[in-house]
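Raw target.txt, compact mmCIF, C-alpha atoms (C1' of nucleotides):
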# COMPACT_ATOMS: atom_id res chain seq x y z
CA MET E 1 16.55 -23.83 -1.53
CA LEU E 2 13.74 -21.81 -3.01
CA THR E 3 14.80 -19.61 -5.93
CA PRO E 4 12.82 -16.86 -7.66
CA ALA E 5 12.81 -18.82 -10.92
CA GLY E 6 11.82 -22.04 -9.19
CA LEU E 7 8.94 -20.37 -7.39
CA TYR E 8 7.85 -18.82 -10.67
CA GLU E 9 7.71 -22.20 -12.37
CA THR E 10 5.70 -23.73 -9.54
CA LEU E 11 3.23 -20.87 -9.52
CA HIS E 12 2.98 -20.80 -13.30
CA ALA E 13 2.11 -24.49 -13.39
CA ARG E 14 -0.84 -23.71 -11.12
CA TYR E 15 -2.04 -20.35 -12.39
CA GLY E 16 -0.74 -19.96 -15.95
CA ASP E 17 -0.52 -16.53 -17.58
CA LEU E 18 -2.58 -13.90 -15.77
CA GLU E 19 -1.29 -10.59 -17.23
CA TRP E 20 -2.76 -8.48 -14.55
CA TRP E 21 -3.61 -4.95 -13.52
CA PRO E 22 -7.33 -4.26 -13.23
CA ALA E 23 -7.44 -0.87 -14.96
CA GLU E 24 -7.68 0.50 -18.48
CA GLY E 25 -4.78 2.46 -19.84
CA PRO E 26 -1.84 4.32 -18.28
CA PHE E 27 -3.89 7.16 -16.82
CA GLN E 28 -6.24 4.88 -14.93
CA VAL E 29 -3.35 2.67 -13.84
CA MET E 30 -1.60 5.66 -12.30
CA VAL E 31 -4.70 6.92 -10.53
CA GLY E 32 -5.37 3.42 -9.22
CA ALA E 33 -1.79 3.06 -8.02
CA VAL E 34 -2.27 6.06 -5.73
CA LEU E 35 -5.81 5.24 -4.66
CA THR E 36 -4.98 1.67 -3.66
CA GLN E 37 -2.48 2.76 -1.02
CA ARG E 38 -3.51 0.93 2.14
CA THR E 39 -6.93 0.35 0.57
CA SER E 40 -8.84 -2.62 -0.79
CA TRP E 41 -9.25 -2.70 -4.55
CA THR E 42 -13.06 -2.82 -4.35
CA ASN E 43 -13.05 0.65 -2.80
CA VAL E 44 -10.61 1.85 -5.45
CA GLU E 45 -13.01 0.61 -8.12
CA ARG E 46 -15.82 2.77 -6.76
CA ALA E 47 -13.57 5.82 -6.94
CA LEU E 48 -12.33 4.98 -10.44
CA GLY E 49 -15.95 4.51 -11.49
CA ASN E 50 -16.88 7.93 -10.12
CA LEU E 51 -14.01 9.52 -12.04
CA ALA E 52 -14.95 7.77 -15.28
CA ASP E 53 -18.61 8.73 -14.89
CA ALA E 54 -17.55 12.36 -14.37
CA GLY E 55 -15.43 12.25 -17.53
CA VAL E 56 -12.14 12.44 -15.66
CA VAL E 57 -10.31 10.11 -18.01
CA ASP E 58 -7.13 12.04 -18.75
CA MET E 59 -4.45 14.12 -17.06
CA ALA E 60 -5.59 17.55 -18.26
CA THR E 61 -9.15 17.01 -17.04
CA LEU E 62 -7.95 15.85 -13.63
CA LEU E 63 -5.58 18.79 -13.24
CA ALA E 64 -8.39 21.23 -14.09
CA LEU E 65 -10.60 19.85 -11.31
CA PRO E 66 -11.11 21.89 -8.13
CA ILE E 67 -9.63 19.86 -5.29
CA GLU E 68 -12.97 19.68 -3.47
CA ARG E 69 -14.50 18.07 -6.54
CA LEU E 70 -11.64 15.60 -6.82
CA GLU E 71 -11.96 14.73 -3.14
CA ALA E 72 -15.67 14.05 -3.53
CA LEU E 73 -15.12 11.75 -6.51
CA ILE E 74 -12.42 9.62 -4.89
CA ARG E 75 -13.98 9.57 -1.44
CA PRO E 76 -14.83 5.83 -1.41
CA SER E 77 -11.13 4.97 -1.64
CA GLY E 78 -10.44 6.40 1.82
CA THR E 79 -7.81 8.93 2.98
CA TYR E 80 -9.33 10.99 0.19
CA ARG E 81 -7.98 14.40 1.17
CA GLN E 82 -4.43 13.07 1.17
CA LYS E 83 -4.98 11.17 -2.05
CA ALA E 84 -6.47 14.17 -3.85
CA LEU E 85 -3.32 16.14 -3.00
CA ARG E 86 -1.13 13.22 -4.08
CA LEU E 87 -2.91 12.85 -7.43
CA LEU E 88 -2.60 16.56 -8.17
CA ALA E 89 1.07 16.59 -7.16
CA LEU E 90 1.79 13.50 -9.26
CA PHE E 91 0.11 14.74 -12.42
CA ALA E 92 1.45 18.26 -12.04
CA MET E 93 4.93 16.75 -12.12
CA VAL E 94 4.05 14.49 -15.05
CA ASP E 95 2.52 17.41 -16.94
CA GLU E 96 5.66 19.44 -16.47
CA ARG E 97 8.17 16.68 -17.23
CA GLY E 98 6.20 15.40 -20.20
CA ASN E 99 5.37 18.83 -21.63
CA GLY E 100 1.67 18.12 -21.27
CA SER E 101 1.89 14.54 -22.51
CA LEU E 102 1.47 11.55 -20.23
CA ALA E 103 2.81 9.23 -22.93
CA ALA E 104 5.88 11.41 -23.40
CA PHE E 105 6.54 11.32 -19.68
CA LEU E 106 6.33 7.53 -19.54
CA ASP E 107 8.45 7.05 -22.67
CA ARG E 108 11.75 7.78 -20.97
CA PRO E 109 14.48 5.67 -19.36
CA MET E 110 13.33 3.78 -16.28
CA ALA E 111 15.89 5.39 -13.97
CA ASP E 112 14.67 8.89 -14.89
CA LEU E 113 11.06 7.83 -14.44
CA ARG E 114 11.69 6.32 -11.03
CA HIS E 115 13.69 9.32 -9.87
CA ASP E 116 10.92 11.75 -10.89
CA LEU E 117 8.14 9.61 -9.43
CA LEU E 118 9.85 9.16 -6.06
CA ALA E 119 10.34 12.90 -5.81
CA VAL E 120 6.57 13.39 -5.62
CA LYS E 121 5.20 13.61 -2.10
CA GLY E 122 2.89 10.65 -1.65
CA VAL E 123 4.63 8.41 -4.18
CA GLY E 124 6.79 5.78 -2.52
CA PRO E 125 8.60 2.77 -3.99
CA GLU E 126 5.56 0.57 -4.50
CA THR E 127 3.45 3.25 -6.17
CA ALA E 128 6.39 4.30 -8.36
CA ASP E 129 7.17 0.74 -9.41
CA SER E 130 3.52 -0.07 -10.10
CA ILE E 131 3.42 2.89 -12.45
CA ILE E 132 6.71 1.91 -14.10
CA LEU E 133 5.64 -1.69 -14.68
CA TYR E 134 1.92 -1.37 -15.41
CA ALA E 135 1.66 2.10 -16.98
CA ALA E 136 5.07 2.55 -18.62
CA GLY E 137 5.59 -1.13 -19.41
CA LYS E 138 9.18 -1.19 -18.17
CA PRO E 139 10.71 -4.11 -16.26
CA VAL E 140 10.74 -3.53 -12.50
CA PHE E 141 9.56 -5.94 -9.83
CA VAL E 142 6.69 -4.61 -7.72
CA VAL E 143 6.81 -5.52 -4.03
CA ASP E 144 3.53 -5.17 -2.19
CA ALA E 145 1.78 -6.51 0.89
CA TYR E 146 0.83 -9.73 -0.92
CA THR E 147 4.44 -10.31 -1.96
CA ARG E 148 5.69 -9.81 1.58
CA ARG E 149 2.97 -12.01 3.05
CA VAL E 150 3.75 -14.89 0.74
CA LEU E 151 7.53 -14.63 1.05
CA GLY E 152 7.34 -14.27 4.81
CA ARG E 153 5.30 -17.44 5.10
CA LEU E 154 7.73 -19.26 2.85
CA GLY E 155 10.52 -18.12 5.14
CA VAL E 156 12.43 -16.48 2.30
CA THR E 157 12.77 -12.79 3.08
CA THR E 158 11.19 -12.25 6.44
CA GLY E 159 11.84 -8.71 7.51
CA GLY E 160 13.60 -7.59 4.33
CA SER E 161 13.37 -4.00 3.13
CA TYR E 162 11.50 -3.14 -0.05
CA ASP E 163 14.70 -3.01 -2.08
CA GLN E 164 16.02 -6.26 -0.58
CA VAL E 165 12.86 -8.12 -1.54
CA ALA E 166 12.86 -6.59 -5.02
CA ARG E 167 16.50 -7.57 -5.50
CA TRP E 168 15.84 -11.14 -4.45
CA PHE E 169 13.41 -11.45 -7.35
CA GLN E 170 15.22 -9.38 -9.95
CA GLU E 171 18.60 -11.04 -9.49
CA GLY E 172 17.07 -14.44 -10.06
CA LEU E 173 14.89 -13.64 -13.06
CA PRO E 174 15.19 -12.42 -16.65
CA GLU E 175 14.57 -8.68 -16.98
CA ASP E 176 11.22 -9.15 -18.62
CA VAL E 177 8.02 -7.13 -18.26
CA ALA E 178 5.74 -10.11 -18.87
CA VAL E 179 7.54 -12.17 -16.23
CA TYR E 180 7.36 -9.44 -13.58
CA ASN E 181 3.75 -8.70 -14.42
CA ASN E 182 2.66 -12.32 -14.27
CA TYR E 183 4.75 -13.07 -11.18
CA HIS E 184 3.07 -10.34 -9.21
CA ALA E 185 -0.36 -11.46 -10.40
CA MET E 186 0.34 -15.04 -9.34
CA LEU E 187 1.56 -14.01 -5.89
CA VAL E 188 -1.66 -12.08 -5.38
CA GLU E 189 -3.72 -15.08 -6.42
CA LEU E 190 -1.78 -17.34 -4.10
CA ALA E 191 -2.17 -14.92 -1.20
CA LYS E 192 -5.90 -14.61 -1.83
CA ASP E 193 -6.28 -18.35 -2.27
CA GLN E 194 -4.59 -19.43 0.89
CA CYS E 195 -2.47 -17.13 2.98
CA ARG E 196 -5.17 -14.99 4.43
CA THR E 197 -7.46 -17.67 5.72
CA ARG E 198 -5.15 -20.59 6.43
CA PRO E 199 -1.50 -21.60 6.40
CA ILE E 200 0.01 -21.54 2.97
CA CYS E 201 1.31 -25.09 3.32
CA GLU E 202 -2.12 -26.73 3.51
CA GLY E 203 -2.46 -28.01 -0.02
CA CYS E 204 0.12 -25.46 -1.00
CA PRO E 205 1.85 -26.06 -4.32
CA ILE E 206 5.04 -24.36 -3.19
CA ARG E 207 6.54 -26.74 -0.74
CA SER E 208 5.58 -29.18 1.92
CA GLY E 209 6.39 -28.67 5.58
CA CYS E 210 5.70 -24.95 5.70
CA PRO E 211 6.72 -23.80 9.22
CA VAL E 212 3.60 -21.69 9.51
CA GLY E 213 1.42 -24.74 9.47
CA ARG E 214 3.29 -26.27 12.35
CA GLY E 215 2.65 -23.28 14.55
CA GLU E 216 6.01 -21.58 14.03
CA GLU E 217 4.52 -18.34 12.83
CA SER E 218 7.01 -16.25 10.85
CA PRO E 219 7.70 -12.74 12.12
C1' DA D 1 -17.71 -2.92 18.12
C1' DC D 2 -14.02 -4.05 16.52
C1' DC D 3 -10.09 -5.35 12.63
C1' DC D 4 -8.34 -4.99 8.21
C1' DA D 5 -7.12 -3.34 3.30
C1' DG D 6 -2.11 -4.03 -3.15
C1' DG D 7 1.40 2.90 1.51
C1' DT D 8 3.48 7.08 2.63
C1' DG D 9 5.45 10.91 5.18
C1' DG D 10 6.35 13.06 9.59
C1' DC D 11 8.20 12.74 13.89
C1' DC D 12 11.05 10.68 17.41
C1' DC D 13 14.95 8.33 19.17
C1' DG U 1 18.06 2.82 10.53
C1' DG U 2 13.70 1.44 12.98
C1' DG U 3 9.13 2.26 15.70
C1' DC U 4 4.91 4.73 16.01
C1' DC U 5 1.15 7.63 14.15
C1' DA U 6 -2.44 9.96 11.00
C1' DC U 7 -4.88 9.49 7.05
C1' DA U 8 -10.64 7.60 6.27
C1' DT U 9 -13.88 4.64 3.66
C1' DG U 10 -16.26 0.11 3.26
C1' DG U 11 -16.54 -4.91 4.29
C1' DG U 12 -16.06 -9.05 7.32
Would you put the structure from the file into structure tokens?
Amino acid sequence: MLTPAGLYETLHARYGDLEWWPAEGPFQVMVGAVLTQRTSWTNVERALGNLADAGVVDMATLLALPIERLEALIRPSGTYRQKALRLLALFAMVDERGNGSLAAFLDRPMADLRHDLLAVKGVGPETADSIILYAAGKPVFVVDAYTRRVLGRLGVTTGGSYDQVARWFQEGLPEDVAVYNNYHAMLVELAKDQCRTRPICEGCPIRSGCPVGRGEESP
DNA sequence: ACCCAGGTGGCCC
DNA sequence: GGGCCACATGGG
């Protein structure tokens, strides 16, 4: 029976400590969390680069931008009109709740943070939890497409809701930011390594006899 | 010329 | 509560 802690140990033996989110600082993490919705990270990087080149490196500067300008800068990340609205809505809320300070907003209890983030149109559970873990540094398990892909192929949580998958991890692990951070990073590496191009069980460190490899594709 | 990518909200039943 | 759809660019 595969447990969250057991899977962690197996992955850690292969990948070690990764400490991962490819962005600099809370502001960029939050922008990236919105821009990466249904979008490859390479396209997000172009958009983040445009913003940095234009000097949009903090909340006040972003909020002062005309929406057309913001749209143009983030265009490479796709669905850019939606995302421009989502960024403005997100940071308007943060500005208000944090009295103009991003750090003050993030430095609050996790439950309050999550409640406020989920109230923003365009911020769902994954975006909220990415912000809580990688920008605020508070312990929540982030469930994304990579996580689902890997777990589905391991036959663990096929078809589970976001909260069900998150609970499966959190109930079997210490409530630790470094563990959640590294776990997510390792799942991404594993998914990139193997799941996309071939069955996870071919040379897979997790377990032998993966049903996917025998043609019993998981739903 | 397709198909996909670190989602989310709206609409329908 | 689940099943579909729009959103839109860039890369295989």
CA of Phe169 in chain E to CA of Ala5 in chain E, distance in Å rounded to a single decimal: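 Those two atoms sit 8.2 Å apart.
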Coordinates-based distance that separates CA of Leu35 in chain E from CA of Leu48 in chain E (Å, one decimal): 8.7 Å
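All protein and nucleic acid residues in the vicinity of (-4.6, 1.5, -20.3), that is within 12 Å when counting only C-alpha atoms (C1' of nucleotides), are Trp20, Trp21, Pro22, Ala23, Glu24, Gly25, Pro26, Phe27, Gln28, Val29, Met30, Val31, Gly32, Val57, Asp58, Leu102, Ala103, Ile131, Tyr134, Ala135, Ala136 and Gly137 of chain E.
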Contact set, chain E to chain D: 8 Å, only C-alpha atoms (C1' of nucleotides), as an MDAnalysis selection string: chainID E and resid 36:41 121:124 126:127 144:146
Residues of chain U within 7 Å of chain E, all atoms listed in the file counted, as JSON, numbers by chain: {"U": [7, 8, 9, 10]}
Protein, DNA and RNA residues within 9 Å of (3.2, -13.6, -16.7), only C-alpha atoms (C1' of nucleotides), as a ChimeraX atom specification: /E:12,16-20,177-186
Keeping C-alpha atoms for every residue in the selection just given, could you write it to a file as an mmCIF file, in the coordinates of the input?
data_model
loop_
_atom_site.group_PDB
_atom_site.id
_atom_site.type_symbol
_atom_site.label_atom_id
_atom_site.label_comp_id
_atom_site.auth_asym_id
_atom_site.auth_seq_id
_atom_site.Cartn_x
_atom_site.Cartn_y
_atom_site.Cartn_z
ATOM 1 C CA HIS E 12 2.980 -20.800 -13.300
ATOM 2 C CA GLY E 16 -0.740 -19.960 -15.950
ATOM 3 C CA ASP E 17 -0.520 -16.530 -17.580
ATOM 4 C CA LEU E 18 -2.580 -13.900 -15.770
ATOM 5 C CA GLU E 19 -1.290 -10.590 -17.230
ATOM 6 C CA TRP E 20 -2.760 -8.480 -14.550
ATOM 7 C CA VAL E 177 8.020 -7.130 -18.260
ATOM 8 C CA ALA E 178 5.740 -10.110 -18.870
ATOM 9 C CA VAL E 179 7.540 -12.170 -16.230
ATOM 10 C CA TYR E 180 7.360 -9.440 -13.580
ATOM 11 C CA ASN E 181 3.750 -8.700 -14.420
ATOM 12 C CA ASN E 182 2.660 -12.320 -14.270
ATOM 13 C CA TYR E 183 4.750 -13.070 -11.180
ATOM 14 C CA HIS E 184 3.070 -10.340 -9.210
ATOM 15 C CA ALA E 185 -0.360 -11.460 -10.400
ATOM 16 C CA MET E 186 0.340 -15.040 -9.340
#
Computed interatomic separation between CA of Leu190 in chain E and CA of Arg153 in chain E (Å):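 Straight-line distance from CA of Leu190 in chain E to CA of Arg153 in chain E works out to 11.6 Å.
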Given the block above, output range 4-70 of chain E with C-alpha atoms as a tab-separated table (two decimals), in the first residue's frame.
chain	number	residue	atom	x	y	z
E	4	PRO	CA	2.37	9.67	1.07
E	5	ALA	CA	5.43	9.32	3.31
E	6	GLY	CA	6.61	6.19	1.52
E	7	LEU	CA	6.29	7.82	-1.88
E	8	TYR	CA	8.16	10.83	-0.56
E	9	GLU	CA	11.07	8.69	0.59
E	10	THR	CA	11.26	6.88	-2.74
E	11	LEU	CA	11.21	10.11	-4.70
E	12	HIS	CA	13.68	11.80	-2.36
E	13	ALA	CA	16.16	8.98	-2.83
E	14	ARG	CA	16.05	9.67	-6.56
E	15	TYR	CA	15.80	13.45	-6.73
E	16	GLY	CA	17.06	14.80	-3.40
E	17	ASP	CA	16.17	18.33	-2.27
E	18	LEU	CA	14.87	20.50	-5.10
E	19	GLU	CA	13.30	23.50	-3.28
E	20	TRP	CA	11.39	24.69	-6.23
E	21	TRP	CA	9.40	27.55	-7.68
E	22	PRO	CA	11.03	29.24	-10.66
E	23	ALA	CA	10.40	32.87	-9.71
E	24	GLU	CA	12.04	35.55	-7.59
E	25	GLY	CA	10.17	36.84	-4.59
E	26	PRO	CA	6.52	36.83	-3.51
E	27	PHE	CA	5.31	39.33	-6.11
E	28	GLN	CA	6.69	37.37	-9.03
E	29	VAL	CA	5.48	34.10	-7.53
E	30	MET	CA	1.94	35.46	-7.35
E	31	VAL	CA	1.99	36.82	-10.89
E	32	GLY	CA	3.39	33.52	-12.14
E	33	ALA	CA	0.74	31.55	-10.27
E	34	VAL	CA	-1.98	33.34	-12.25
E	35	LEU	CA	-0.15	33.35	-15.58
E	36	THR	CA	0.60	29.63	-15.49
E	37	GLN	CA	-3.07	28.67	-15.43
E	38	ARG	CA	-3.48	26.15	-18.24
E	39	THR	CA	-0.22	27.41	-19.72
E	40	SER	CA	3.29	26.05	-20.14
E	41	TRP	CA	5.92	27.65	-17.93
E	42	THR	CA	8.07	28.71	-20.90
E	43	ASN	CA	5.29	31.02	-22.04
E	44	VAL	CA	4.90	32.34	-18.51
E	45	GLU	CA	8.61	33.15	-18.47
E	46	ARG	CA	8.27	35.36	-21.54
E	47	ALA	CA	5.49	37.30	-19.86
E	48	LEU	CA	7.39	37.60	-16.57
E	49	GLY	CA	10.40	38.81	-18.55
E	50	ASN	CA	8.31	41.47	-20.27
E	51	LEU	CA	7.00	42.68	-16.91
E	52	ALA	CA	10.48	42.81	-15.39
E	53	ASP	CA	11.87	44.66	-18.42
E	54	ALA	CA	9.04	47.20	-18.09
E	55	GLY	CA	9.84	47.71	-14.41
E	56	VAL	CA	6.66	46.04	-13.21
E	57	VAL	CA	8.26	44.41	-10.20
E	58	ASP	CA	5.87	45.33	-7.40
E	59	MET	CA	2.18	45.54	-6.61
E	60	ALA	CA	1.80	49.33	-6.77
E	61	THR	CA	3.39	49.53	-10.22
E	62	LEU	CA	1.17	46.76	-11.55
E	63	LEU	CA	-1.98	48.34	-10.15
E	64	ALA	CA	-1.09	51.67	-11.77
E	65	LEU	CA	-0.81	50.08	-15.21
E	66	PRO	CA	-3.56	50.69	-17.79
E	67	ILE	CA	-5.15	47.32	-18.50
E	68	GLU	CA	-4.24	47.51	-22.19
E	69	ARG	CA	-0.60	47.89	-21.24
E	70	LEU	CA	-0.80	44.97	-18.84
